[in-house]
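A.B. asks: Pasting query34.cif here (mmCIF, C-alpha atoms and all ligand atoms):
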```cif
data_coords
loop_
_atom_site.label_atom_id
_atom_site.label_comp_id
_atom_site.auth_asym_id
_atom_site.auth_seq_id
_atom_site.Cartn_x
_atom_site.Cartn_y
_atom_site.Cartn_z
CA MET F 1047 213.61 221.94 122.97
CA ASP F 1048 211.80 219.29 125.00
CA ILE F 1049 214.65 218.12 127.23
CA LEU F 1050 215.26 221.70 128.32
CA LYS F 1051 211.57 222.32 128.96
CA ASP F 1052 211.37 219.09 131.02
CA LYS F 1053 214.35 220.18 133.06
CA ILE F 1054 212.80 223.62 133.67
CA LEU F 1055 209.56 221.99 134.79
CA SER F 1056 211.25 219.47 137.06
CA GLU F 1057 213.99 221.65 138.56
CA GLY F 1058 213.03 225.28 137.92
CA THR F 1059 211.11 227.45 140.38
CA ALA F 1060 208.92 230.44 139.63
CA LEU F 1061 210.19 232.79 142.32
CA SER F 1062 207.64 235.44 141.37
CA GLU F 1063 205.51 236.36 138.35
CA SER F 1064 208.65 237.53 136.57
CA VAL F 1065 211.64 235.58 137.89
CA LEU F 1066 212.48 231.97 137.16
CA LYS F 1067 215.14 230.25 139.25
CA VAL F 1068 217.18 227.65 137.39
CA ASP F 1069 220.31 227.54 139.49
CA ASN F 1070 220.26 223.72 139.64
CA PHE F 1071 221.43 223.41 136.07
CA LEU F 1072 222.12 226.74 134.34
CA ASN F 1073 223.30 229.68 136.35
CA HIS F 1074 224.92 228.35 139.48
CA GLN F 1075 225.33 224.58 139.35
CA ILE F 1076 225.72 223.60 135.69
CA ASP F 1077 224.52 220.41 133.99
CA PRO F 1078 227.25 219.73 131.39
CA GLN F 1079 225.24 217.09 129.52
CA LEU F 1080 222.34 219.51 129.11
CA MET F 1081 224.78 222.26 128.05
CA HIS F 1082 226.09 219.87 125.41
CA GLU F 1083 222.57 219.31 124.05
CA ILE F 1084 221.97 223.07 124.11
CA GLY F 1085 225.19 223.66 122.18
CA ALA F 1086 224.09 221.12 119.57
CA GLU F 1087 220.70 222.78 119.24
CA PHE F 1088 222.27 226.21 118.68
CA LYS F 1089 224.57 224.69 116.08
CA LYS F 1090 221.54 223.23 114.28
CA ARG F 1091 219.50 226.43 114.42
CA PHE F 1092 222.30 228.66 113.10
CA GLU F 1093 223.68 226.19 110.53
CA GLY F 1094 224.70 227.87 107.28
CA LYS F 1095 224.94 231.36 108.79
CA GLY F 1096 228.72 231.49 108.49
CA VAL F 1097 229.30 232.07 112.20
CA THR F 1098 232.98 232.77 112.99
CA LYS F 1099 232.64 233.74 116.64
CA ILE F 1100 230.30 233.46 119.59
CA LEU F 1101 229.82 236.51 121.80
CA THR F 1102 228.33 236.26 125.26
CA LEU F 1103 228.33 238.04 128.61
CA GLU F 1104 229.79 236.81 131.87
CA SER F 1105 228.82 234.88 133.81
CA SER F 1106 225.82 232.76 132.96
CA GLY F 1107 226.12 232.97 129.17
CA ILE F 1108 229.51 231.29 129.23
CA ALA F 1109 228.53 227.64 129.77
CA PRO F 1110 226.06 227.29 126.87
CA SER F 1111 228.33 229.41 124.67
CA VAL F 1112 231.38 227.24 125.22
CA MET F 1113 229.43 224.11 124.28
CA ALA F 1114 228.09 225.79 121.15
CA GLY F 1115 231.59 227.03 120.30
CA LEU F 1116 233.03 223.55 120.74
CA LEU F 1117 230.45 221.98 118.43
CA MET F 1118 230.54 224.82 115.88
CA ASP F 1119 234.34 224.92 116.05
CA VAL F 1120 234.52 228.68 116.61
CA PRO F 1121 236.05 230.76 119.44
CA VAL F 1122 233.92 232.13 122.23
CA VAL F 1123 234.49 235.62 123.59
CA PHE F 1124 232.69 236.85 126.67
CA ALA F 1125 232.18 240.50 127.48
CA ARG F 1126 233.44 241.29 130.95
CA LYS F 1127 231.53 243.21 133.58
CA ARG F 1128 234.53 244.15 135.65
CA GLN F 1129 237.72 245.87 134.72
CA SER F 1130 240.83 243.73 134.83
CA LEU F 1131 244.52 244.56 134.96
CA THR F 1132 245.02 242.35 131.94
CA LEU F 1133 242.32 244.10 129.94
CA THR F 1134 243.93 247.35 128.94
CA ASP F 1135 243.86 248.98 125.53
CA GLY F 1136 241.67 248.61 122.49
CA LEU F 1137 238.48 248.11 124.45
CA LEU F 1138 234.96 248.34 123.12
CA THR F 1139 232.52 249.25 125.89
CA SER F 1140 228.79 249.42 126.44
CA GLU F 1141 226.41 249.66 129.38
CA VAL F 1142 223.95 247.06 130.59
CA TYR F 1143 221.43 247.07 133.39
CA SER F 1144 221.69 243.74 135.17
CA TYR F 1145 218.29 242.08 135.56
CA THR F 1146 219.13 240.03 138.63
CA LYS F 1147 221.54 242.39 140.36
CA GLN F 1148 219.60 245.56 139.55
CA GLU F 1149 222.69 247.61 138.85
CA THR F 1150 224.24 249.10 135.75
CA ASN F 1151 227.51 247.58 134.62
CA GLN F 1152 229.91 248.81 132.04
CA ILE F 1153 230.82 245.82 129.91
CA CYS F 1154 233.80 245.54 127.67
CA VAL F 1155 235.50 243.35 125.15
CA ALA F 1156 238.91 243.69 123.54
CA HIS F 1157 238.53 244.92 119.97
CA LYS F 1158 241.10 242.38 118.80
CA PHE F 1159 238.65 239.58 119.64
CA LEU F 1160 235.79 241.11 117.63
CA GLU F 1161 236.64 242.26 114.16
CA GLU F 1162 234.87 243.54 111.10
CA ASP F 1163 235.29 240.28 109.21
CA ASP F 1164 233.62 238.33 112.04
CA THR F 1165 230.12 236.94 111.80
CA VAL F 1166 228.95 236.85 115.38
CA LEU F 1167 226.41 234.65 117.09
CA ILE F 1168 225.29 236.24 120.35
CA ILE F 1169 224.32 233.72 123.03
CA ASP F 1170 222.91 234.28 126.50
CA ASP F 1171 221.18 232.23 129.18
CA PHE F 1172 218.12 234.47 129.61
CA LEU F 1173 216.22 237.04 127.58
CA ALA F 1174 213.99 239.30 129.65
CA ASN F 1175 213.93 243.01 128.75
CA GLY F 1176 216.71 242.65 126.22
CA LYS F 1177 219.27 244.90 127.92
CA ALA F 1178 222.09 242.34 127.87
CA ALA F 1179 221.45 241.38 124.24
CA GLU F 1180 221.25 245.05 123.21
CA ALA F 1181 224.61 245.77 124.85
CA LEU F 1182 226.20 242.78 123.09
CA ILE F 1183 224.72 243.96 119.77
CA ASP F 1184 226.19 247.39 120.49
CA LEU F 1185 229.66 245.86 121.00
CA ALA F 1186 229.38 243.85 117.77
CA GLU F 1187 228.20 246.94 115.88
CA GLN F 1188 231.08 249.02 117.24
CA ALA F 1189 233.43 246.34 115.90
CA GLU F 1190 231.53 246.46 112.57
CA SER F 1191 231.05 242.70 112.84
CA ASN F 1192 228.19 241.03 111.06
CA ILE F 1193 225.51 239.67 113.45
CA ALA F 1194 224.28 236.19 112.48
CA GLY F 1195 221.65 236.05 115.18
CA ILE F 1196 220.89 235.73 118.86
CA GLY F 1197 220.62 232.38 120.62
CA ILE F 1198 218.86 232.34 123.97
CA VAL F 1199 218.48 229.41 126.34
CA ILE F 1200 215.37 230.71 128.15
CA GLU F 1201 213.25 233.58 126.85
CA LYS F 1202 210.56 235.03 129.07
CA SER F 1203 208.20 235.94 126.26
CA PHE F 1204 205.94 237.99 128.51
CA GLN F 1205 208.75 240.54 128.83
CA GLU F 1206 209.66 242.91 126.05
CA GLY F 1207 213.16 241.85 124.95
CA GLY F 1208 212.23 239.22 122.37
CA GLY F 1209 209.76 241.51 120.60
CA LEU F 1210 212.20 244.41 120.53
CA LEU F 1211 215.02 242.34 119.05
CA ARG F 1212 212.81 240.67 116.43
CA ASP F 1213 211.30 244.05 115.49
CA ARG F 1214 214.83 245.27 114.84
CA GLY F 1215 215.19 242.41 112.36
CA HIS F 1216 217.42 240.11 114.39
CA HIS F 1217 217.17 236.37 114.00
CA VAL F 1218 216.36 235.26 117.55
CA GLU F 1219 216.24 231.58 118.46
CA SER F 1220 215.11 230.74 121.99
CA LEU F 1221 215.29 227.13 123.11
CA ALA F 1222 212.53 227.50 125.69
CA ARG F 1223 210.00 230.32 125.72
CA ILE F 1224 208.10 230.99 128.91
CA ALA F 1225 204.61 232.41 128.47
CA ASN F 1226 203.71 232.83 132.11
CA LEU F 1227 205.03 232.37 135.63
CA ALA F 1228 201.85 233.34 137.48
CA GLU F 1229 200.85 231.51 140.68
CA GLY F 1230 204.09 229.59 140.83
CA LYS F 1231 203.31 227.72 137.59
CA ILE F 1232 205.65 227.60 134.62
CA GLU F 1233 203.86 227.75 131.27
CA PHE F 1234 205.57 227.62 127.89
CA VAL F 1235 204.62 229.39 124.67
CA GLN F 1236 203.01 226.90 122.28
CA GLU F 1237 205.07 227.20 119.17
CA ARG F 1238 206.32 225.81 115.92
CA GLU F 1239 209.98 224.72 115.45
CA ASN F 1240 211.14 228.14 114.20
CA SER F 1241 210.78 230.55 117.11
CA ASN F 1242 211.65 233.53 114.89
CA ALA F 1243 208.42 233.08 112.97
CA ASN F 1244 206.44 232.94 116.18
CA VAL F 1245 206.80 236.39 117.69
O1 LIG F 1301 217.14 240.61 128.79
P1 LIG F 1301 217.68 241.19 130.06
O2 LIG F 1301 216.67 242.03 130.80
O3 LIG F 1301 218.98 241.92 129.88
O4 LIG F 1301 217.95 239.96 131.06
C1 LIG F 1301 218.81 238.90 130.68
C2 LIG F 1301 220.15 239.02 131.36
O5 LIG F 1301 219.95 238.99 132.77
C3 LIG F 1301 220.86 238.07 133.36
O6 LIG F 1301 222.09 238.71 133.63
P2 LIG F 1301 222.47 239.13 135.09
O7 LIG F 1301 223.48 240.22 135.03
O8 LIG F 1301 221.22 239.48 135.85
O9 LIG F 1301 223.05 237.81 135.75
P3 LIG F 1301 224.29 236.84 135.45
O10 LIG F 1301 225.45 237.38 136.21
O11 LIG F 1301 223.80 235.51 135.97
O12 LIG F 1301 224.58 236.78 133.98
C4 LIG F 1301 221.05 237.04 132.28
O13 LIG F 1301 222.26 236.33 132.45
C5 LIG F 1301 221.04 237.85 131.01
O14 LIG F 1301 222.34 238.30 130.67
O1 LIG F 1302 218.02 233.37 136.86
C1 LIG F 1302 217.42 234.23 136.19
N1 LIG F 1302 216.06 234.23 136.20
C2 LIG F 1302 215.33 235.14 135.49
O2 LIG F 1302 214.09 235.12 135.53
C3 LIG F 1302 216.07 236.07 134.73
N2 LIG F 1302 215.68 237.10 133.92
C4 LIG F 1302 216.80 237.64 133.45
N3 LIG F 1302 217.89 237.01 133.93
C5 LIG F 1302 217.46 236.03 134.72
N4 LIG F 1302 218.13 235.12 135.45
#
```
What's the C-alpha cells form of this structure?
Ligand SMILES: O=P(O)(O)OC[C@H]1O[C@H](OP(=O)(O)OP(=O)(O)O)[C@H](O)[C@@H]1O
Ligand SMILES: O=c1[nH]c(=O)c2nc[nH]c2[nH]1
C.D. replies:
Amino acid sequence: MDILKDKILSEGTALSESVLKVDNFLNHQIDPQLMHEIGAEFKKRFEGKGVTKILTLESSGIAPSVMAGLLMDVPVVFARKRQSLTLTDGLLTSEVYSYTKQETNQICVAHKFLEEDDTVLIIDDFLANGKAAEALIDLAEQAESNIAGIGIVIEKSFQEGGGLLRDRGHHVESLARIANLAEGKIEFVQERENSNANV
C-alpha cells in the first residue's frame, strides 16, 4: 500500500534493528485520513470472505479496526488487557507477551461478543513475533468462531510471526512489509499485490 509506505518512510523512525517507531500516525497520534485508507484496503483484501466481526487488541489495533469495521459494516470488538469492573462473567481469556512493554498480559473478551456463528477478521497494527495474533486466534478458537484471516498494518517480515501464521494456514494480509531496519534505514519487502502468496 504505497501511501502507507510513503508515510512510514517520511515519518517513521528505525529505533533499532528491530523496532520501528510510528507514533506520529499510528500508535500514539493517529492520522484519521490514513486510517480511513487502511480500512478501505482491508475491506478490499478480505472482500467475499463473509466477515461478520473484527477482532483486535487494545490499544493500537483499535484505530485501523474501527475504520475497517465502518467500511465493512461490521462490529469491532477489542480484547482488553486489563480487568474491568464492567467485564465480569462469560469471559474468554488468553495470554500475550507484549512486544513493546515486555510483559505478559492476560487478555480477555466477553464470549457474548464472539460467537460460533461469527466469521472473524483479526486486525492489528504490528506483526512481529506473532504473540498478539496468536492470542487473538486462541480467543476466536475458544469461541468456535470461523477465522477469515489476519489483517496487519505493518509486518516486520524479518521476525517470525508472519511465517508462523502463514504456515498454520492463515490468510495474512499485511499492508506494509518491512524487510530490514538495519543502520537506521527502512527497507520494504519487494512483493506482488497478494502478500499471502509472498511468504
Ligand atoms: O507480533 P507480536 O510480537 O505480538 O507484536 C505485535 C504486537 O505488539 C504491539 O503490542 P504492544 O502490547 O507492544 O503495544 P500496544 O499497546 O501499542 O498495542 C502491537 O500493537 C501488536 O499487538
Ligand atoms: O511501535 C511499534 N514498533 C514495533 O517495531 C513493534 N513491533 C511490535 N509492536 C510494535 N510497535
A.B. asks: For F:Glu1149, which of F:Met1113, F:Asp1171, F:Lys1127, F:Val1122 is the closest residue, counting all atoms listed in the file?
C.D. replies: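 The shortest atom-to-atom distance to F:Glu1149 comes from F:Lys1127.
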A.B. asks: Find the smallest box with edges along x, y and z containing every listed atom of ligand LIG 1302 (chain F), then add 8 Å on each side and report centre and edge lengths in Å to one decimal, as JSON.
C.D. replies:
```
{"center_x": 216.1, "center_y": 235.5, "center_z": 135.2, "size_x": 20.0, "size_y": 20.3, "size_z": 19.4}
```
A.B. asks: Write out as a PDB file with C-alpha atoms, in the coordinates of the input the residues lying within 6 Å of F:Lys1202, counting only C-alpha atoms and excluding same-chain residues fewer than 2 positions away.
C.D. replies:
```pdb
ATOM      1  CA  ALA F1174     213.990 239.300 129.650  1.00  0.00           C
ATOM      2  CA  PHE F1204     205.940 237.990 128.510  1.00  0.00           C
ATOM      3  CA  GLN F1205     208.750 240.540 128.830  1.00  0.00           C
ATOM      4  CA  ARG F1223     210.000 230.320 125.720  1.00  0.00           C
ATOM      5  CA  ILE F1224     208.100 230.990 128.910  1.00  0.00           C
TER       6      ILE F1224
END
```
A.B. asks: Find the residues near ligand LIG 1301 (chain F). Use a cut-off of 7 Å, count only C-alpha atoms and all ligand atoms, and write them as a list in words.
C.D. replies: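 Protein and nucleic-acid residues within 7 Å of ligand LIG 1301 (chain F): Asn1073, Leu1103, Glu1104, Ser1105, Ser1106, Gly1107, Tyr1143, Ser1144, Tyr1145, Thr1146, Lys1147, Asp1170, Asp1171, Phe1172, Leu1173, Ala1174, Asn1175, Gly1176, Lys1177, Ala1178, Ala1179 and Gly1207 of chain F.
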A.B. asks: Of the candidates F:Ala1194, F:Leu1221, F:Ala1125, F:Val1120, which one gets nearest to F:Lys1051 if we count all atoms listed in the file?
C.D. replies: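 Among F:Ala1194, F:Leu1221, F:Ala1125, F:Val1120, it is F:Leu1221 that comes nearest to F:Lys1051.
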A.B. asks: Would you compute the distance between atom CA of F:Met1047 and atom CA of F:Ala1222? Give it in Å to one decimal.
C.D. replies: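 One can read the atom CA of F:Met1047 to atom CA of F:Ala1222 distance as 6.3 Å.
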A.B. asks: Rounded to one decimal place, report the atom CA of F:Ala1181-atom CA of F:Val1235 distance in Å.
C.D. replies: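 It comes out at 25.8 Å.
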A.B. asks: Could you please determine the separation between atom CA of F:Cys1154 and atom CA of F:Leu1182 in Å, to one decimal place?
C.D. replies: 9.3 Å
A.B. asks: Excluding F:Glu1087 and its own-chain neighbours fewer than 6 positions away, which residues fall within 10 Å of it when counting all atoms listed in the file? Please give them as a list in words.
C.D. replies: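 My list of contacting residues is Met1047, Met1081, Glu1093, Ala1114, Leu1117, Gly1197, Val1199, Glu1219 and Leu1221 of chain F.
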A.B. asks: Taking into account only C-alpha atoms and all ligand atoms, which residue in the set F:Leu1227, F:Leu1210, F:Leu1050, F:Ile1153 is nearest to ligand LIG 1302 (chain F)?
C.D. replies: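 Distance minimum relative to ligand LIG 1302 (chain F) lands on F:Leu1227.
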A.B. asks: Could you check the closest approach to ligand LIG 1302 (chain F) for each of F:Ile1200, F:Phe1159, F:Ser1220, F:Leu1116 and tell me which residue wins, using all atoms listed in the file?
C.D. replies: F:Ile1200
A.B. asks: With N, CA and C atoms as the goal, would you fill in the gaps in stretch 1067-1103 of chain F and present it as a PDB file, in the coordinates of the input?
C.D. replies:
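Output below, filename out-v3.pdb:
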```
ATOM      1  N   LYS F1067     213.860 230.686 138.670  1.00  0.00           N
ATOM      2  CA  LYS F1067     215.140 230.250 139.250  1.00  0.00           C
ATOM      3  C   LYS F1067     215.530 228.920 138.629  1.00  0.00           C
ATOM      4  N   VAL F1068     216.705 228.898 138.023  1.00  0.00           N
ATOM      5  CA  VAL F1068     217.180 227.650 137.390  1.00  0.00           C
ATOM      6  C   VAL F1068     218.638 227.389 137.804  1.00  0.00           C
ATOM      7  N   ASP F1069     218.917 227.660 139.086  1.00  0.00           N
ATOM      8  CA  ASP F1069     220.310 227.540 139.490  1.00  0.00           C
ATOM      9  C   ASP F1069     220.770 226.103 139.714  1.00  0.00           C
ATOM     10  N   ASN F1070     219.860 225.140 139.584  1.00  0.00           N
ATOM     11  CA  ASN F1070     220.260 223.720 139.640  1.00  0.00           C
ATOM     12  C   ASN F1070     221.056 223.275 138.430  1.00  0.00           C
ATOM     13  N   PHE F1071     220.807 223.951 137.292  1.00  0.00           N
ATOM     14  CA  PHE F1071     221.430 223.410 136.070  1.00  0.00           C
ATOM     15  C   PHE F1071     221.986 224.464 135.120  1.00  0.00           C
ATOM     16  N   LEU F1072     221.692 225.753 135.336  1.00  0.00           N
ATOM     17  CA  LEU F1072     222.120 226.740 134.340  1.00  0.00           C
ATOM     18  C   LEU F1072     222.965 227.866 134.900  1.00  0.00           C
ATOM     19  N   ASN F1073     222.500 228.510 135.964  1.00  0.00           N
ATOM     20  CA  ASN F1073     223.300 229.680 136.350  1.00  0.00           C
ATOM     21  C   ASN F1073     223.879 229.673 137.755  1.00  0.00           C
ATOM     22  N   HIS F1074     224.072 228.483 138.276  1.00  0.00           N
ATOM     23  CA  HIS F1074     224.920 228.350 139.480  1.00  0.00           C
ATOM     24  C   HIS F1074     225.585 226.982 139.366  1.00  0.00           C
ATOM     25  N   GLN F1075     224.856 225.916 139.740  1.00  0.00           N
ATOM     26  CA  GLN F1075     225.330 224.580 139.350  1.00  0.00           C
ATOM     27  C   GLN F1075     225.010 224.406 137.859  1.00  0.00           C
ATOM     28  N   ILE F1076     225.908 223.751 137.145  1.00  0.00           N
ATOM     29  CA  ILE F1076     225.720 223.600 135.690  1.00  0.00           C
ATOM     30  C   ILE F1076     225.639 222.119 135.328  1.00  0.00           C
ATOM     31  N   ASP F1077     224.671 221.778 134.482  1.00  0.00           N
ATOM     32  CA  ASP F1077     224.520 220.410 133.990  1.00  0.00           C
ATOM     33  C   ASP F1077     225.263 220.308 132.640  1.00  0.00           C
ATOM     34  N   PRO F1078     226.458 219.739 132.627  1.00  0.00           N
ATOM     35  CA  PRO F1078     227.250 219.730 131.390  1.00  0.00           C
ATOM     36  C   PRO F1078     226.588 218.972 130.248  1.00  0.00           C
ATOM     37  N   GLN F1079     225.893 217.870 130.577  1.00  0.00           N
ATOM     38  CA  GLN F1079     225.240 217.090 129.520  1.00  0.00           C
ATOM     39  C   GLN F1079     224.142 217.920 128.844  1.00  0.00           C
ATOM     40  N   LEU F1080     223.377 218.637 129.671  1.00  0.00           N
ATOM     41  CA  LEU F1080     222.340 219.510 129.110  1.00  0.00           C
ATOM     42  C   LEU F1080     222.980 220.638 128.300  1.00  0.00           C
ATOM     43  N   MET F1081     224.082 221.188 128.807  1.00  0.00           N
ATOM     44  CA  MET F1081     224.780 222.260 128.050  1.00  0.00           C
ATOM     45  C   MET F1081     225.238 221.736 126.692  1.00  0.00           C
ATOM     46  N   HIS F1082     225.654 220.480 126.661  1.00  0.00           N
ATOM     47  CA  HIS F1082     226.090 219.870 125.410  1.00  0.00           C
ATOM     48  C   HIS F1082     224.926 219.802 124.418  1.00  0.00           C
ATOM     49  N   GLU F1083     223.771 219.390 124.917  1.00  0.00           N
ATOM     50  CA  GLU F1083     222.570 219.310 124.050  1.00  0.00           C
ATOM     51  C   GLU F1083     222.172 220.715 123.576  1.00  0.00           C
ATOM     52  N   ILE F1084     222.304 221.683 124.462  1.00  0.00           N
ATOM     53  CA  ILE F1084     221.970 223.070 124.110  1.00  0.00           C
ATOM     54  C   ILE F1084     222.923 223.577 123.030  1.00  0.00           C
ATOM     55  N   GLY F1085     224.204 223.272 123.196  1.00  0.00           N
ATOM     56  CA  GLY F1085     225.190 223.660 122.180  1.00  0.00           C
ATOM     57  C   GLY F1085     224.848 223.065 120.824  1.00  0.00           C
ATOM     58  N   ALA F1086     224.442 221.795 120.829  1.00  0.00           N
ATOM     59  CA  ALA F1086     224.090 221.120 119.570  1.00  0.00           C
ATOM     60  C   ALA F1086     222.855 221.750 118.928  1.00  0.00           C
ATOM     61  N   GLU F1087     221.925 222.157 119.760  1.00  0.00           N
ATOM     62  CA  GLU F1087     220.700 222.780 119.240  1.00  0.00           C
ATOM     63  C   GLU F1087     221.008 224.158 118.622  1.00  0.00           C
ATOM     64  N   PHE F1088     221.879 224.921 119.274  1.00  0.00           N
ATOM     65  CA  PHE F1088     222.270 226.210 118.680  1.00  0.00           C
ATOM     66  C   PHE F1088     222.990 225.982 117.354  1.00  0.00           C
ATOM     67  N   LYS F1089     223.857 224.985 117.333  1.00  0.00           N
ATOM     68  CA  LYS F1089     224.570 224.690 116.080  1.00  0.00           C
ATOM     69  C   LYS F1089     223.556 224.408 114.964  1.00  0.00           C
ATOM     70  N   LYS F1090     222.557 223.586 115.277  1.00  0.00           N
ATOM     71  CA  LYS F1090     221.540 223.230 114.280  1.00  0.00           C
ATOM     72  C   LYS F1090     220.759 224.470 113.819  1.00  0.00           C
ATOM     73  N   ARG F1091     220.373 225.290 114.772  1.00  0.00           N
ATOM     74  CA  ARG F1091     219.500 226.430 114.420  1.00  0.00           C
ATOM     75  C   ARG F1091     220.228 227.538 113.664  1.00  0.00           C
ATOM     76  N   PHE F1092     221.558 227.597 113.804  1.00  0.00           N
ATOM     77  CA  PHE F1092     222.300 228.660 113.100  1.00  0.00           C
ATOM     78  C   PHE F1092     223.216 228.089 112.014  1.00  0.00           C
ATOM     79  N   GLU F1093     222.917 226.845 111.608  1.00  0.00           N
ATOM     80  CA  GLU F1093     223.680 226.190 110.530  1.00  0.00           C
ATOM     81  C   GLU F1093     223.610 227.052 109.264  1.00  0.00           C
ATOM     82  N   GLY F1094     224.713 227.164 108.572  1.00  0.00           N
ATOM     83  CA  GLY F1094     224.700 227.870 107.280  1.00  0.00           C
ATOM     84  C   GLY F1094     224.760 229.383 107.397  1.00  0.00           C
ATOM     85  N   LYS F1095     224.902 229.898 108.601  1.00  0.00           N
ATOM     86  CA  LYS F1095     224.940 231.360 108.790  1.00  0.00           C
ATOM     87  C   LYS F1095     226.354 231.911 108.750  1.00  0.00           C
ATOM     88  N   GLY F1096     227.335 231.035 108.606  1.00  0.00           N
ATOM     89  CA  GLY F1096     228.720 231.490 108.490  1.00  0.00           C
ATOM     90  C   GLY F1096     229.285 232.068 109.777  1.00  0.00           C
ATOM     91  N   VAL F1097     228.843 231.532 110.916  1.00  0.00           N
ATOM     92  CA  VAL F1097     229.300 232.070 112.200  1.00  0.00           C
ATOM     93  C   VAL F1097     230.814 231.838 112.372  1.00  0.00           C
ATOM     94  N   THR F1098     231.532 232.901 112.733  1.00  0.00           N
ATOM     95  CA  THR F1098     232.980 232.770 112.990  1.00  0.00           C
ATOM     96  C   THR F1098     233.303 232.956 114.470  1.00  0.00           C
ATOM     97  N   LYS F1099     232.349 233.464 115.229  1.00  0.00           N
ATOM     98  CA  LYS F1099     232.640 233.740 116.640  1.00  0.00           C
ATOM     99  C   LYS F1099     231.344 233.782 117.435  1.00  0.00           C
ATOM    100  N   ILE F1100     231.437 233.327 118.685  1.00  0.00           N
ATOM    101  CA  ILE F1100     230.300 233.460 119.590  1.00  0.00           C
ATOM    102  C   ILE F1100     230.628 234.546 120.607  1.00  0.00           C
ATOM    103  N   LEU F1101     229.658 235.412 120.833  1.00  0.00           N
ATOM    104  CA  LEU F1101     229.820 236.510 121.800  1.00  0.00           C
ATOM    105  C   LEU F1101     228.782 236.335 122.886  1.00  0.00           C
ATOM    106  N   THR F1102     229.252 236.361 124.145  1.00  0.00           N
ATOM    107  CA  THR F1102     228.330 236.260 125.260  1.00  0.00           C
ATOM    108  C   THR F1102     228.761 237.220 126.356  1.00  0.00           C
ATOM    109  N   LEU F1103     228.082 237.121 127.495  1.00  0.00           N
ATOM    110  CA  LEU F1103     228.330 238.040 128.610  1.00  0.00           C
ATOM    111  C   LEU F1103     228.562 237.206 129.859  1.00  0.00           C
TER     112      LEU F1103
END
```
